[in-house]
$ cat structure39.json   # JSON, C-alpha atoms
[["chain", "number", "residue", "atom", "x", "y", "z"],
["A", 1, "MET", "CA", 240.76, 27.70, 198.08],
["A", 2, "ILE", "CA", 238.14, 30.42, 198.42],
["A", 3, "LEU", "CA", 240.37, 32.89, 200.32],
["A", 4, "PRO", "CA", 243.11, 33.15, 197.60],
["A", 5, "VAL", "CA", 240.44, 33.77, 194.96],
["A", 6, "ILE", "CA", 238.93, 36.63, 196.99],
["A", 7, "VAL", "CA", 242.36, 38.21, 197.54],
["A", 8, "LEU", "CA", 243.19, 37.96, 193.82],
["A", 9, "ALA", "CA", 239.90, 39.58, 192.87],
["A", 10, "GLY", "CA", 240.53, 42.48, 195.23],
["A", 11, "ILE", "CA", 243.98, 43.06, 193.76],
["A", 12, "LEU", "CA", 242.60, 43.13, 190.20],
["A", 13, "GLN", "CA", 239.85, 45.56, 191.20],
["A", 14, "LYS", "CA", 242.05, 48.06, 193.06],
["A", 15, "GLY", "CA", 245.20, 47.66, 191.01],
["A", 16, "THR", "CA", 248.51, 46.10, 191.92],
["A", 17, "PRO", "CA", 250.22, 48.07, 194.72],
["A", 18, "PRO", "CA", 253.73, 49.32, 194.01],
["A", 19, "LEU", "CA", 256.64, 47.33, 195.30],
["A", 20, "PRO", "CA", 258.58, 48.70, 198.28],
["A", 21, "GLY", "CA", 261.21, 51.20, 197.17],
["A", 22, "SER", "CA", 259.83, 51.66, 193.67],
["A", 23, "ARG", "CA", 258.53, 54.97, 192.27],
["A", 24, "VAL", "CA", 255.11, 55.29, 190.74],
["A", 25, "GLN", "CA", 255.31, 56.73, 187.21],
["A", 26, "THR", "CA", 252.27, 58.38, 185.72],
["A", 27, "SER", "CA", 251.58, 58.29, 182.01],
["A", 28, "ALA", "CA", 252.44, 61.39, 179.99],
["A", 29, "ILE", "CA", 249.34, 60.87, 177.81],
["A", 30, "VAL", "CA", 246.24, 62.40, 179.34],
["A", 31, "ARG", "CA", 243.12, 60.71, 178.01],
["A", 32, "PRO", "CA", 239.85, 62.56, 178.52],
["A", 33, "ALA", "CA", 236.81, 60.69, 179.68],
["A", 34, "ALA", "CA", 234.35, 59.34, 177.14],
["A", 35, "SER", "CA", 231.76, 61.90, 178.25],
["A", 36, "THR", "CA", 234.22, 64.71, 177.43],
["A", 37, "TRP", "CA", 234.71, 63.31, 173.93],
["A", 38, "VAL", "CA", 230.95, 63.32, 173.35],
["A", 39, "GLN", "CA", 230.55, 66.92, 174.59],
["A", 40, "ASP", "CA", 233.46, 68.20, 172.50],
["A", 41, "GLY", "CA", 232.13, 66.38, 169.43],
["A", 42, "TRP", "CA", 228.66, 67.86, 169.73],
["A", 43, "THR", "CA", 230.14, 71.32, 170.33],
["A", 44, "LYS", "CA", 232.10, 71.08, 167.08],
["A", 45, "VAL", "CA", 229.01, 69.89, 165.18],
["A", 46, "ASP", "CA", 226.93, 72.78, 166.55],
["A", 47, "SER", "CA", 229.66, 75.25, 165.60],
["A", 48, "ALA", "CA", 229.80, 73.87, 162.04],
["A", 49, "GLU", "CA", 226.02, 74.08, 161.67],
["A", 50, "SER", "CA", 226.01, 77.65, 162.96],
["A", 51, "ALA", "CA", 228.72, 78.60, 160.46],
["A", 52, "CYS", "CA", 226.74, 77.05, 157.59],
["A", 53, "LEU", "CA", 223.58, 78.88, 158.63],
["A", 54, "SER", "CA", 225.43, 82.20, 158.87],
["A", 55, "ILE", "CA", 226.84, 81.69, 155.37],
["A", 56, "ALA", "CA", 223.41, 80.79, 153.94],
["A", 57, "GLU", "CA", 221.79, 83.89, 155.45],
["A", 58, "PRO", "CA", 221.85, 87.10, 153.37],
["A", 59, "PRO", "CA", 224.16, 89.94, 154.42],
["A", 60, "GLY", "CA", 222.94, 92.04, 157.27],
["A", 61, "TRP", "CA", 222.68, 95.25, 155.26],
["A", 62, "TYR", "CA", 220.62, 93.50, 152.56],
["A", 63, "ALA", "CA", 218.29, 91.96, 155.13],
["A", 64, "ARG", "CA", 217.80, 95.34, 156.81],
["A", 65, "LEU", "CA", 217.08, 97.10, 153.52],
["A", 66, "SER", "CA", 214.73, 94.36, 152.38],
["A", 67, "SER", "CA", 212.82, 94.59, 155.64],
["A", 68, "SER", "CA", 212.61, 98.38, 155.78],
["A", 69, "HIS", "CA", 212.22, 99.12, 152.04],
["A", 70, "PRO", "CA", 211.05, 95.91, 150.33],
["A", 71, "LEU", "CA", 209.53, 97.53, 147.25],
["A", 72, "ALA", "CA", 212.49, 99.82, 146.62],
["A", 73, "VAL", "CA", 215.03, 96.99, 146.91],
["A", 74, "ALA", "CA", 212.97, 94.72, 144.66],
["A", 75, "ALA", "CA", 212.49, 97.46, 142.07],
["A", 76, "VAL", "CA", 216.18, 98.44, 141.90],
["A", 77, "GLN", "CA", 217.53, 94.90, 141.70],
["A", 78, "SER", "CA", 214.92, 93.97, 139.09],
["A", 79, "MET", "CA", 215.81, 97.03, 137.03],
["A", 80, "LEU", "CA", 219.52, 96.19, 137.10],
["A", 81, "LEU", "CA", 219.02, 92.52, 136.29],
["A", 82, "LYS", "CA", 216.68, 93.27, 133.40],
["A", 83, "GLY", "CA", 219.26, 95.68, 131.99],
["A", 84, "ILE", "CA", 221.98, 93.03, 132.27],
["A", 85, "GLY", "CA", 219.70, 90.45, 130.68],
["A", 86, "ASP", "CA", 218.94, 92.77, 127.78],
["A", 87, "ARG", "CA", 222.63, 93.43, 127.13],
["A", 88, "LEU", "CA", 223.37, 89.70, 127.24],
["A", 89, "SER", "CA", 220.53, 89.04, 124.80],
["A", 90, "ILE", "CA", 222.05, 91.55, 122.40],
["A", 91, "ILE", "CA", 225.45, 89.85, 122.70],
["A", 92, "VAL", "CA", 223.92, 86.43, 122.10],
["A", 93, "GLY", "CA", 221.91, 87.72, 119.15],
["A", 94, "ASN", "CA", 224.90, 89.45, 117.64],
["A", 95, "THR", "CA", 227.06, 86.36, 118.02],
["A", 96, "ALA", "CA", 224.44, 84.15, 116.38],
["A", 97, "ALA", "CA", 223.77, 86.54, 113.50],
["A", 98, "THR", "CA", 225.35, 85.75, 110.17],
["A", 99, "SER", "CA", 224.75, 89.15, 108.58],
["A", 100, "SER", "CA", 225.98, 92.62, 109.47],
["A", 101, "GLU", "CA", 222.54, 94.01, 110.23],
["A", 102, "PHE", "CA", 223.63, 94.84, 113.78],
["A", 103, "GLY", "CA", 226.46, 97.03, 112.53],
["A", 104, "GLY", "CA", 228.98, 95.87, 115.13],
["A", 105, "ASP", "CA", 227.15, 97.50, 118.04],
["A", 106, "PRO", "CA", 223.58, 96.22, 118.03],
["A", 107, "GLY", "CA", 222.68, 98.00, 121.23],
["A", 108, "GLY", "CA", 223.75, 101.42, 120.07],
["A", 109, "GLY", "CA", 226.12, 101.94, 123.00],
["A", 110, "LEU", "CA", 226.23, 100.92, 126.63],
["A", 111, "MET", "CA", 222.69, 102.11, 127.35],
["A", 112, "SER", "CA", 220.55, 101.56, 124.27],
["A", 113, "GLN", "CA", 216.92, 102.59, 124.02],
["A", 114, "HIS", "CA", 215.85, 98.96, 124.23],
["A", 115, "THR", "CA", 217.91, 98.41, 127.39],
["A", 116, "ILE", "CA", 216.43, 101.49, 129.05],
["A", 117, "ALA", "CA", 212.94, 100.28, 128.14],
["A", 118, "MET", "CA", 213.63, 96.85, 129.62],
["A", 119, "MET", "CA", 214.95, 98.44, 132.81],
["A", 120, "ALA", "CA", 211.92, 100.72, 133.09],
["A", 121, "VAL", "CA", 209.43, 97.87, 132.69],
["A", 122, "GLY", "CA", 211.53, 95.73, 135.04],
["A", 123, "PHE", "CA", 211.48, 98.47, 137.69],
["A", 124, "THR", "CA", 207.69, 98.79, 137.64],
["A", 125, "VAL", "CA", 206.39, 95.36, 136.63],
["A", 126, "SER", "CA", 208.85, 92.80, 138.01],
["A", 127, "GLY", "CA", 210.11, 95.00, 140.85],
["A", 128, "ILE", "CA", 207.16, 96.81, 142.40],
["A", 129, "GLY", "CA", 204.48, 94.62, 140.85],
["A", 130, "GLY", "CA", 206.23, 91.30, 141.44],
["A", 131, "SER", "CA", 207.12, 92.07, 145.04],
["A", 132, "SER", "CA", 203.57, 93.24, 145.78],
["A", 133, "TRP", "CA", 202.19, 90.11, 144.15],
["A", 134, "LEU", "CA", 204.33, 87.81, 146.31],
["A", 135, "ARG", "CA", 203.23, 89.65, 149.43],
["A", 136, "HIS", "CA", 199.62, 89.33, 148.30],
["A", 137, "LEU", "CA", 200.01, 85.56, 147.87],
["A", 138, "ASP", "CA", 201.47, 85.18, 151.36],
["A", 139, "ALA", "CA", 198.72, 87.35, 152.84],
["A", 140, "HIS", "CA", 195.92, 85.54, 151.01],
["A", 141, "PHE", "CA", 197.06, 81.91, 151.30],
["A", 142, "GLY", "CA", 199.29, 82.19, 154.36],
["A", 143, "GLU", "CA", 203.03, 81.69, 154.76],
["A", 144, "GLU", "CA", 202.77, 78.05, 155.89],
["A", 145, "ALA", "CA", 204.69, 75.79, 153.51],
["A", 146, "THR", "CA", 202.00, 73.13, 153.30],
["A", 147, "LEU", "CA", 201.47, 71.13, 150.12],
["A", 148, "GLU", "CA", 198.06, 72.74, 149.56],
["A", 149, "ASN", "CA", 199.42, 76.28, 149.96],
["A", 150, "VAL", "CA", 202.36, 75.62, 147.65],
["A", 151, "ILE", "CA", 200.12, 74.25, 144.89],
["A", 152, "ARG", "CA", 197.70, 77.16, 145.21],
["A", 153, "LYS", "CA", 200.46, 79.77, 145.06],
["A", 154, "VAL", "CA", 202.19, 78.13, 142.08],
["A", 155, "CYS", "CA", 198.94, 77.84, 140.12],
["A", 156, "ALA", "CA", 197.84, 81.39, 140.97],
["A", 157, "ASP", "CA", 201.21, 82.78, 139.94],
["A", 158, "PHE", "CA", 201.23, 80.96, 136.60],
["A", 159, "VAL", "CA", 197.59, 81.67, 135.71],
["A", 160, "CYS", "CA", 197.21, 85.24, 137.00],
["A", 161, "TRP", "CA", 200.52, 87.05, 137.36],
["A", 162, "ALA", "CA", 202.79, 85.45, 134.75],
["A", 163, "PRO", "CA", 200.63, 86.28, 131.68],
["A", 164, "THR", "CA", 200.11, 89.83, 132.92],
["A", 165, "ALA", "CA", 203.80, 90.50, 133.54],
["A", 166, "ASN", "CA", 204.98, 88.87, 130.32],
["A", 167, "ALA", "CA", 202.39, 90.73, 128.24],
["A", 168, "ALA", "CA", 203.53, 93.98, 129.87],
["A", 169, "TYR", "CA", 207.07, 93.33, 128.64],
["A", 170, "LEU", "CA", 206.03, 92.18, 125.17],
["A", 171, "ALA", "CA", 203.86, 95.26, 124.64],
["A", 172, "GLY", "CA", 205.52, 97.82, 126.90],
["A", 173, "VAL", "CA", 209.10, 97.53, 125.67],
["A", 174, "PRO", "CA", 208.20, 98.03, 121.97],
["A", 175, "LEU", "CA", 205.94, 100.91, 122.96],
["A", 176, "LEU", "CA", 208.77, 102.64, 124.85],
["A", 177, "THR", "CA", 211.09, 102.15, 121.87],
["A", 178, "GLY", "CA", 208.81, 104.02, 119.48],
["A", 179, "HIS", "CA", 206.56, 101.39, 117.91],
["A", 180, "SER", "CA", 202.85, 101.89, 117.36],
["A", 181, "ILE", "CA", 200.21, 100.55, 119.69],
["A", 182, "ASP", "CA", 198.96, 98.12, 117.04],
["A", 183, "THR", "CA", 202.46, 96.73, 116.59],
["A", 184, "CYS", "CA", 202.91, 96.37, 120.36],
["A", 185, "LEU", "CA", 199.62, 94.52, 120.79],
["A", 186, "LEU", "CA", 200.39, 92.27, 117.82],
["A", 187, "ASN", "CA", 203.80, 91.45, 119.28],
["A", 188, "ALA", "CA", 202.27, 90.55, 122.65],
["A", 189, "GLN", "CA", 199.66, 88.36, 120.98],
["A", 190, "HIS", "CA", 202.21, 86.58, 118.82],
["A", 191, "GLU", "CA", 204.98, 86.08, 121.40],
["A", 192, "LEU", "CA", 203.01, 85.40, 124.59],
["A", 193, "LEU", "CA", 202.60, 81.65, 124.02],
["A", 194, "PRO", "CA", 206.33, 80.90, 123.47],
["A", 195, "VAL", "CA", 207.20, 83.00, 126.51],
["A", 196, "MET", "CA", 204.62, 81.21, 128.66],
["A", 197, "ARG", "CA", 206.05, 77.84, 127.60],
["A", 198, "LEU", "CA", 209.42, 78.91, 128.93],
["A", 199, "GLU", "CA", 207.71, 80.26, 132.03],
["A", 200, "LEU", "CA", 206.18, 76.84, 132.59],
["A", 201, "GLY", "CA", 209.54, 75.11, 132.25],
["A", 202, "MET", "CA", 211.54, 77.55, 134.40],
["A", 203, "PHE", "CA", 209.43, 79.36, 136.96],
["A", 204, "VAL", "CA", 206.91, 76.67, 137.88],
["A", 205, "PRO", "CA", 209.64, 74.28, 139.18],
["A", 206, "TYR", "CA", 211.41, 77.20, 140.86],
["A", 207, "ASN", "CA", 208.21, 78.43, 142.52],
["A", 208, "VAL", "CA", 207.56, 74.96, 143.94],
["A", 209, "ILE", "CA", 210.98, 75.07, 145.63],
["A", 210, "ALA", "CA", 210.66, 78.75, 146.60],
["A", 211, "PHE", "CA", 207.24, 78.54, 148.24],
["A", 212, "ALA", "CA", 208.16, 75.30, 150.01],
["A", 213, "LEU", "CA", 211.73, 75.93, 151.18],
["A", 214, "ILE", "CA", 212.90, 79.54, 150.71],
["A", 215, "PRO", "CA", 211.91, 82.12, 153.36],
["A", 216, "ALA", "CA", 209.78, 85.04, 152.24],
["A", 217, "TYR", "CA", 212.52, 87.63, 152.88],
["A", 218, "ALA", "CA", 214.97, 85.80, 150.57],
["A", 219, "ARG", "CA", 212.46, 84.76, 147.91],
["A", 220, "GLN", "CA", 212.56, 88.02, 145.99],
["A", 221, "GLY", "CA", 216.35, 87.98, 145.63],
["A", 222, "THR", "CA", 216.61, 84.39, 144.49],
["A", 223, "GLY", "CA", 213.71, 84.91, 142.10],
["A", 224, "GLN", "CA", 215.48, 87.81, 140.44],
["A", 225, "VAL", "CA", 218.57, 85.67, 139.87],
["A", 226, "VAL", "CA", 216.46, 83.03, 138.14],
["A", 227, "SER", "CA", 214.67, 85.70, 136.12],
["A", 228, "LEU", "CA", 218.00, 86.92, 134.71],
["A", 229, "ILE", "CA", 218.13, 83.84, 132.47],
["A", 230, "PHE", "CA", 214.48, 84.35, 131.58],
["A", 231, "ALA", "CA", 215.12, 88.02, 130.80],
["A", 232, "ILE", "CA", 217.66, 87.11, 128.12],
["A", 233, "TYR", "CA", 215.02, 85.19, 126.20],
["A", 234, "LEU", "CA", 212.28, 87.72, 126.97],
["A", 235, "ALA", "CA", 214.37, 90.61, 125.66],
["A", 236, "MET", "CA", 214.78, 88.81, 122.33],
["A", 237, "ARG", "CA", 210.99, 88.64, 122.01],
["A", 238, "CYS", "CA", 210.46, 92.35, 122.68]]

$ encode --input "structure39.json" --output "C-alpha coordinates"
Amino acid sequence: MILPVIVLAGILQKGTPPLPGSRVQTSAIVRPAASTWVQDGWTKVDSAESACLSIAEPPGWYARLSSSHPLAVAAVQSMLLKGIGDRLSIIVGNTAATSSEFGGDPGGGLMSQHTIAMMAVGFTVSGIGGSSWLRHLDAHFGEEATLENVIRKVCADFVCWAPTANAAYLAGVPLLTGHSIDTCLLNAQHELLPVMRLELGMFVPYNVIAFALIPAYARQGTGQVVSLIFAIYLAMRC
(Lines of atoms letter the chains of each structure in order from A and count residues from 1; the text may use other names and numbers.)
(Lines give C-alpha, C1' and ligand atoms only; values in the text may rest on other atoms or scores of the structure.)
Protein backbone atom coordinates (compact mmCIF):
# COMPACT_ATOMS: atom_id res chain seq x y z
CA MET A 1 0.00 0.00 0.00
CA ILE A 2 2.77 2.46 0.83
CA LEU A 3 4.90 1.73 -2.26
CA PRO A 4 2.19 2.64 -4.87
CA VAL A 5 1.55 5.93 -3.04
CA ILE A 6 5.25 6.84 -3.15
CA VAL A 7 5.47 6.02 -6.87
CA LEU A 8 2.36 8.10 -7.63
CA ALA A 9 3.74 11.06 -5.71
CA GLY A 10 7.00 10.92 -7.64
CA ILE A 11 5.15 10.88 -10.96
CA LEU A 12 3.08 13.94 -10.00
CA GLN A 13 6.18 15.82 -8.87
CA LYS A 14 8.33 15.14 -11.96
CA GLY A 15 5.56 15.04 -14.53
CA THR A 16 4.17 12.13 -16.49
CA PRO A 17 6.83 10.69 -18.84
CA PRO A 18 5.91 10.50 -22.51
CA LEU A 19 4.67 7.24 -23.90
CA PRO A 20 7.02 5.22 -26.13
CA GLY A 21 6.87 6.41 -29.72
CA SER A 22 5.07 9.66 -28.95
CA ARG A 23 6.50 13.14 -29.64
CA VAL A 24 6.73 15.77 -26.96
CA GLN A 25 4.99 18.99 -28.05
CA THR A 26 5.92 22.25 -26.40
CA SER A 27 3.41 25.03 -25.94
CA ALA A 28 3.56 27.93 -28.39
CA ILE A 29 2.69 30.38 -25.58
CA VAL A 30 5.75 31.50 -23.66
CA ARG A 31 4.79 32.67 -20.19
CA PRO A 32 7.37 34.75 -18.34
CA ALA A 33 8.07 34.07 -14.72
CA ALA A 34 6.23 36.01 -12.05
CA SER A 35 9.45 37.83 -11.12
CA THR A 36 9.74 39.08 -14.72
CA TRP A 37 6.20 40.46 -14.58
CA VAL A 38 7.04 42.40 -11.41
CA GLN A 39 10.26 43.85 -12.88
CA ASP A 40 8.56 44.89 -16.13
CA GLY A 41 5.68 46.46 -14.20
CA TRP A 42 7.94 48.54 -12.00
CA THR A 43 10.00 49.60 -15.04
CA LYS A 44 6.86 50.90 -16.73
CA VAL A 45 5.77 52.75 -13.58
CA ASP A 46 9.21 54.38 -13.24
CA SER A 47 9.12 55.41 -16.90
CA ALA A 48 5.67 56.98 -16.48
CA GLU A 49 6.77 58.90 -13.38
CA SER A 50 9.89 60.16 -15.17
CA ALA A 51 7.76 61.35 -18.09
CA CYS A 52 5.40 63.20 -15.74
CA LEU A 53 8.31 64.87 -13.96
CA SER A 54 9.88 65.94 -17.25
CA ILE A 55 6.58 67.48 -18.35
CA ALA A 56 6.14 69.31 -15.04
CA GLU A 57 9.65 70.79 -15.20
CA PRO A 58 10.08 74.12 -17.02
CA PRO A 59 11.80 74.16 -20.42
CA GLY A 60 15.53 73.95 -20.34
CA TRP A 61 16.13 77.37 -21.88
CA TYR A 62 13.79 79.01 -19.35
CA ALA A 63 15.48 77.26 -16.43
CA ARG A 64 18.91 78.33 -17.70
CA LEU A 65 17.84 81.94 -18.16
CA SER A 66 16.13 82.04 -14.79
CA SER A 67 19.25 80.71 -13.11
CA SER A 68 21.73 82.97 -14.91
CA HIS A 69 19.61 86.15 -15.14
CA PRO A 70 16.80 85.88 -12.56
CA LEU A 71 16.07 89.60 -12.25
CA ALA A 72 16.03 90.20 -16.00
CA VAL A 73 13.68 87.27 -16.67
CA ALA A 74 11.36 88.30 -13.85
CA ALA A 75 11.31 91.92 -15.00
CA VAL A 76 10.57 91.13 -18.65
CA GLN A 77 7.83 88.60 -17.97
CA SER A 78 6.23 90.91 -15.38
CA MET A 79 6.31 93.80 -17.84
CA LEU A 80 4.62 91.75 -20.56
CA LEU A 81 1.97 90.30 -18.26
CA LYS A 82 1.12 93.70 -16.80
CA GLY A 83 0.71 95.06 -20.32
CA ILE A 84 -1.60 92.19 -21.24
CA GLY A 85 -3.55 92.67 -18.03
CA ASP A 86 -3.99 96.37 -18.74
CA ARG A 87 -5.28 95.71 -22.25
CA LEU A 88 -7.71 93.10 -20.94
CA SER A 89 -8.93 95.54 -18.29
CA ILE A 90 -9.64 98.09 -21.01
CA ILE A 91 -11.59 95.48 -23.01
CA VAL A 92 -13.59 94.46 -19.95
CA GLY A 93 -14.27 98.09 -19.05
CA ASN A 94 -15.30 98.96 -22.57
CA THR A 95 -17.62 95.96 -22.79
CA ALA A 96 -19.27 96.84 -19.48
CA ALA A 97 -19.68 100.53 -20.30
CA THR A 98 -23.09 101.72 -21.39
CA SER A 99 -21.97 105.09 -22.72
CA SER A 100 -19.63 106.06 -25.54
CA GLU A 101 -17.10 107.76 -23.30
CA PHE A 102 -14.39 105.36 -24.49
CA GLY A 103 -14.90 106.39 -28.11
CA GLY A 104 -14.56 102.88 -29.52
CA ASP A 105 -10.86 102.59 -28.66
CA PRO A 106 -10.47 103.28 -24.96
CA GLY A 107 -6.78 102.50 -24.96
CA GLY A 108 -5.89 104.92 -27.72
CA GLY A 109 -4.25 102.24 -29.86
CA LEU A 110 -2.28 99.08 -29.25
CA MET A 111 0.14 100.73 -26.82
CA SER A 112 -1.72 103.40 -24.86
CA GLN A 113 -0.07 105.66 -22.32
CA HIS A 114 -1.77 103.78 -19.51
CA THR A 115 -0.50 100.43 -20.81
CA ILE A 116 3.05 101.73 -21.08
CA ALA A 117 2.82 103.05 -17.52
CA MET A 118 1.57 99.69 -16.25
CA MET A 119 4.41 97.90 -18.05
CA ALA A 120 7.00 100.31 -16.64
CA VAL A 121 5.80 99.88 -13.06
CA GLY A 122 5.50 96.14 -13.62
CA PHE A 123 9.10 95.97 -14.87
CA THR A 124 10.51 97.73 -11.81
CA VAL A 125 8.12 96.90 -8.96
CA SER A 126 6.75 93.41 -9.66
CA GLY A 127 9.72 92.27 -11.74
CA ILE A 128 12.92 93.47 -10.10
CA GLY A 129 11.35 94.31 -6.75
CA GLY A 130 9.18 91.21 -6.48
CA SER A 131 11.96 88.83 -7.46
CA SER A 132 14.38 90.46 -5.02
CA TRP A 133 11.75 90.27 -2.28
CA LEU A 134 11.21 86.53 -2.81
CA ARG A 135 14.94 85.92 -2.67
CA HIS A 136 15.13 87.98 0.52
CA LEU A 137 12.39 85.86 2.12
CA ASP A 138 14.20 82.63 1.25
CA ALA A 139 17.50 84.02 2.53
CA HIS A 140 16.00 85.34 5.77
CA PHE A 141 13.63 82.51 6.71
CA GLY A 142 15.27 79.65 4.81
CA GLU A 143 14.01 77.56 1.90
CA GLU A 144 12.71 74.70 4.07
CA ALA A 145 8.98 74.21 3.51
CA THR A 146 8.10 73.85 7.18
CA LEU A 147 4.77 75.07 8.51
CA GLU A 148 6.47 77.80 10.55
CA ASN A 149 8.46 79.10 7.57
CA VAL A 150 5.42 79.10 5.29
CA ILE A 151 3.33 81.10 7.78
CA ARG A 152 6.13 83.60 8.34
CA LYS A 153 6.70 84.14 4.63
CA VAL A 154 2.98 84.52 3.86
CA CYS A 155 2.46 87.02 6.68
CA ALA A 156 5.60 89.00 5.81
CA ASP A 157 4.58 89.19 2.17
CA PHE A 158 1.06 90.39 2.94
CA VAL A 159 2.05 92.90 5.62
CA CYS A 160 5.28 94.31 4.15
CA TRP A 161 5.55 93.80 0.40
CA ALA A 162 1.93 93.72 -0.83
CA PRO A 163 0.93 97.21 0.44
CA THR A 164 4.16 98.70 -0.91
CA ALA A 165 3.80 97.17 -4.37
CA ASN A 166 0.09 97.94 -4.68
CA ALA A 167 0.58 101.54 -3.55
CA ALA A 168 3.35 101.90 -6.13
CA TYR A 169 0.90 100.92 -8.87
CA LEU A 170 -1.96 103.05 -7.55
CA ALA A 171 0.24 106.14 -7.33
CA GLY A 172 2.89 105.44 -9.98
CA VAL A 173 0.64 104.66 -12.94
CA PRO A 174 -1.44 107.89 -12.61
CA LEU A 175 1.78 109.84 -12.14
CA LEU A 176 3.25 108.42 -15.35
CA THR A 177 0.04 109.25 -17.23
CA GLY A 178 0.21 112.94 -16.38
CA HIS A 179 -1.78 113.36 -13.16
CA SER A 180 -0.65 115.55 -10.29
CA ILE A 181 1.09 114.21 -7.23
CA ASP A 182 -1.89 115.09 -5.02
CA THR A 183 -4.21 113.15 -7.30
CA CYS A 184 -1.86 110.15 -7.31
CA LEU A 185 -1.58 110.07 -3.52
CA LEU A 186 -5.34 110.46 -3.16
CA ASN A 187 -5.92 107.58 -5.56
CA ALA A 188 -3.53 105.34 -3.62
CA GLN A 189 -5.20 106.24 -0.34
CA HIS A 190 -8.69 105.63 -1.69
CA GLU A 191 -8.04 102.42 -3.66
CA LEU A 192 -5.51 100.61 -1.48
CA LEU A 193 -8.05 98.93 0.80
CA PRO A 194 -10.14 97.35 -2.01
CA VAL A 195 -6.96 96.15 -3.70
CA MET A 196 -5.65 94.64 -0.46
CA ARG A 197 -8.93 92.78 0.02
CA LEU A 198 -8.43 91.13 -3.35
CA GLU A 199 -4.81 90.50 -2.44
CA LEU A 200 -5.98 88.68 0.67
CA GLY A 201 -8.38 86.51 -1.30
CA MET A 202 -6.01 85.68 -4.18
CA PHE A 203 -2.36 85.85 -3.20
CA VAL A 204 -2.51 84.63 0.39
CA PRO A 205 -3.92 81.19 -0.62
CA TYR A 206 -1.52 81.07 -3.57
CA ASN A 207 1.49 81.95 -1.40
CA VAL A 208 0.62 79.16 1.03
CA ILE A 209 0.77 76.67 -1.86
CA ALA A 210 3.81 78.33 -3.46
CA PHE A 211 6.00 78.46 -0.36
CA ALA A 212 5.01 74.93 0.63
CA LEU A 213 5.06 73.05 -2.68
CA ILE A 214 6.52 75.07 -5.58
CA PRO A 215 10.33 75.18 -5.96
CA ALA A 216 12.00 78.56 -5.72
CA TYR A 217 13.13 78.56 -9.37
CA ALA A 218 9.54 78.07 -10.61
CA ARG A 219 7.82 80.30 -8.07
CA GLN A 220 8.38 83.54 -9.94
CA GLY A 221 6.84 82.23 -13.17
CA THR A 222 3.76 80.75 -11.57
CA GLY A 223 3.30 83.90 -9.48
CA GLN A 224 3.28 86.06 -12.58
CA VAL A 225 0.55 83.92 -14.13
CA VAL A 226 -1.60 84.39 -11.04
CA SER A 227 -0.85 88.10 -11.01
CA LEU A 228 -2.23 88.45 -14.55
CA ILE A 229 -5.76 88.11 -13.16
CA PHE A 230 -4.89 90.51 -10.36
CA ALA A 231 -3.43 92.98 -12.86
CA ILE A 232 -6.76 93.26 -14.68
CA TYR A 233 -8.44 94.50 -11.52
CA LEU A 234 -5.44 96.60 -10.47
CA ALA A 235 -5.32 98.39 -13.82
CA MET A 236 -8.96 99.44 -13.40
CA ARG A 237 -8.03 101.10 -10.08
CA CYS A 238 -5.13 103.07 -11.54

$ atom_distance --input "structure39.json" --atom1 "atom CA of A:His140" --atom2 "atom CA of A:Val225"
25.2 Å

$ residues_around --input "structure39.json" --residues "A:Val159" --least-positions-apart "6" --cutoff "12 Å" --atoms "only C-alpha atoms" --output "list in words"
Arg152, Lys153, Ala165, Asn166, Met196, Glu199, Leu200 and Val204 of chain A

$ residues_around --input "structure39.json" --residues "A:Glu191" --least-positions-apart "6" --cutoff "9 Å" --atoms "all atoms listed in the file" --output "number ranges by chain"
A: 167, 170, 237-238

$ write_last_selection --input "structure39.json" --atoms "C-alpha atoms" --output "JSON list (two decimals), keeping the file's coordinate frame"
[["chain", "number", "residue", "atom", "x", "y", "z"],
["A", 167, "ALA", "CA", 202.39, 90.73, 128.24],
["A", 170, "LEU", "CA", 206.03, 92.18, 125.17],
["A", 237, "ARG", "CA", 210.99, 88.64, 122.01],
["A", 238, "CYS", "CA", 210.46, 92.35, 122.68]]

$ atom_distance --input "structure39.json" --atom1 "atom CA of A:Asn149" --atom2 "atom CA of A:Ala212"
8.8 Å

$ residues_around --input "structure39.json" --residues "A:Ile209" --least-positions-apart "5" --cutoff "10 Å" --atoms "only C-alpha atoms" --output "PyMOL selection string"
chain A and resi 150+154+203-204+214

$ residues_around --input "structure39.json" --residues "A:Val173" --least-positions-apart "3" --cutoff "8 Å" --atoms "all atoms listed in the file" --output "list of chain:residue names"
A:His114, A:Ala117, A:Met118, A:Val121, A:Ala168, A:Tyr169, A:Leu170, A:Leu176, A:Thr177, A:Cys238

$ atom_distance --input "structure39.json" --atom1 "atom CA of A:Ile91" --atom2 "atom CA of A:Ser78"
19.9 Å

$ closest_residue --input "structure39.json" --among "A:Arg219, A:His179, A:Pro194, A:Ala156" --to "A:Phe141" --atoms "only C-alpha atoms"
A:Ala156

$ residues_around --input "structure39.json" --residues "stretch 124-130 of chain A" --least-positions-apart "6" --cutoff "8 Å" --atoms "all atoms listed in the file" --output "ChimeraX atom specification"
/A:71-72,74-79,165,168

$ residues_near_point --input "structure39.json" --point "(202.8, 85.3, 141.0)" --cutoff "7 Å" --atoms "all atoms listed in the file" --output "PDB file with C-alpha atoms, in the coordinates of the input"
ATOM      1  CA  GLY A 130     206.230  91.300 141.440  1.00  0.00           C
ATOM      2  CA  TRP A 133     202.190  90.110 144.150  1.00  0.00           C
ATOM      3  CA  LEU A 134     204.330  87.810 146.310  1.00  0.00           C
ATOM      4  CA  ALA A 156     197.840  81.390 140.970  1.00  0.00           C
ATOM      5  CA  ASP A 157     201.210  82.780 139.940  1.00  0.00           C
ATOM      6  CA  PHE A 158     201.230  80.960 136.600  1.00  0.00           C
ATOM      7  CA  CYS A 160     197.210  85.240 137.000  1.00  0.00           C
ATOM      8  CA  TRP A 161     200.520  87.050 137.360  1.00  0.00           C
ATOM      9  CA  ALA A 162     202.790  85.450 134.750  1.00  0.00           C
TER      10      ALA A 162
END

$ closest_residue --input "structure39.json" --among "A:Gly178, A:Ala145, A:Met119, A:Ser131" --to "A:His69" --atoms "only C-alpha atoms"
A:Ser131

$ closest_residue --input "structure39.json" --among "A:Leu175, A:Ala210, A:Val195, A:Ala218" --to "A:Arg64" --atoms "all atoms listed in the file"
A:Ala218

$ closest_residue --input "structure39.json" --among "A:Ala120, A:Ala171, A:Leu234, A:Val226" --to "A:Thr183" --atoms "all atoms listed in the file"
A:Ala171
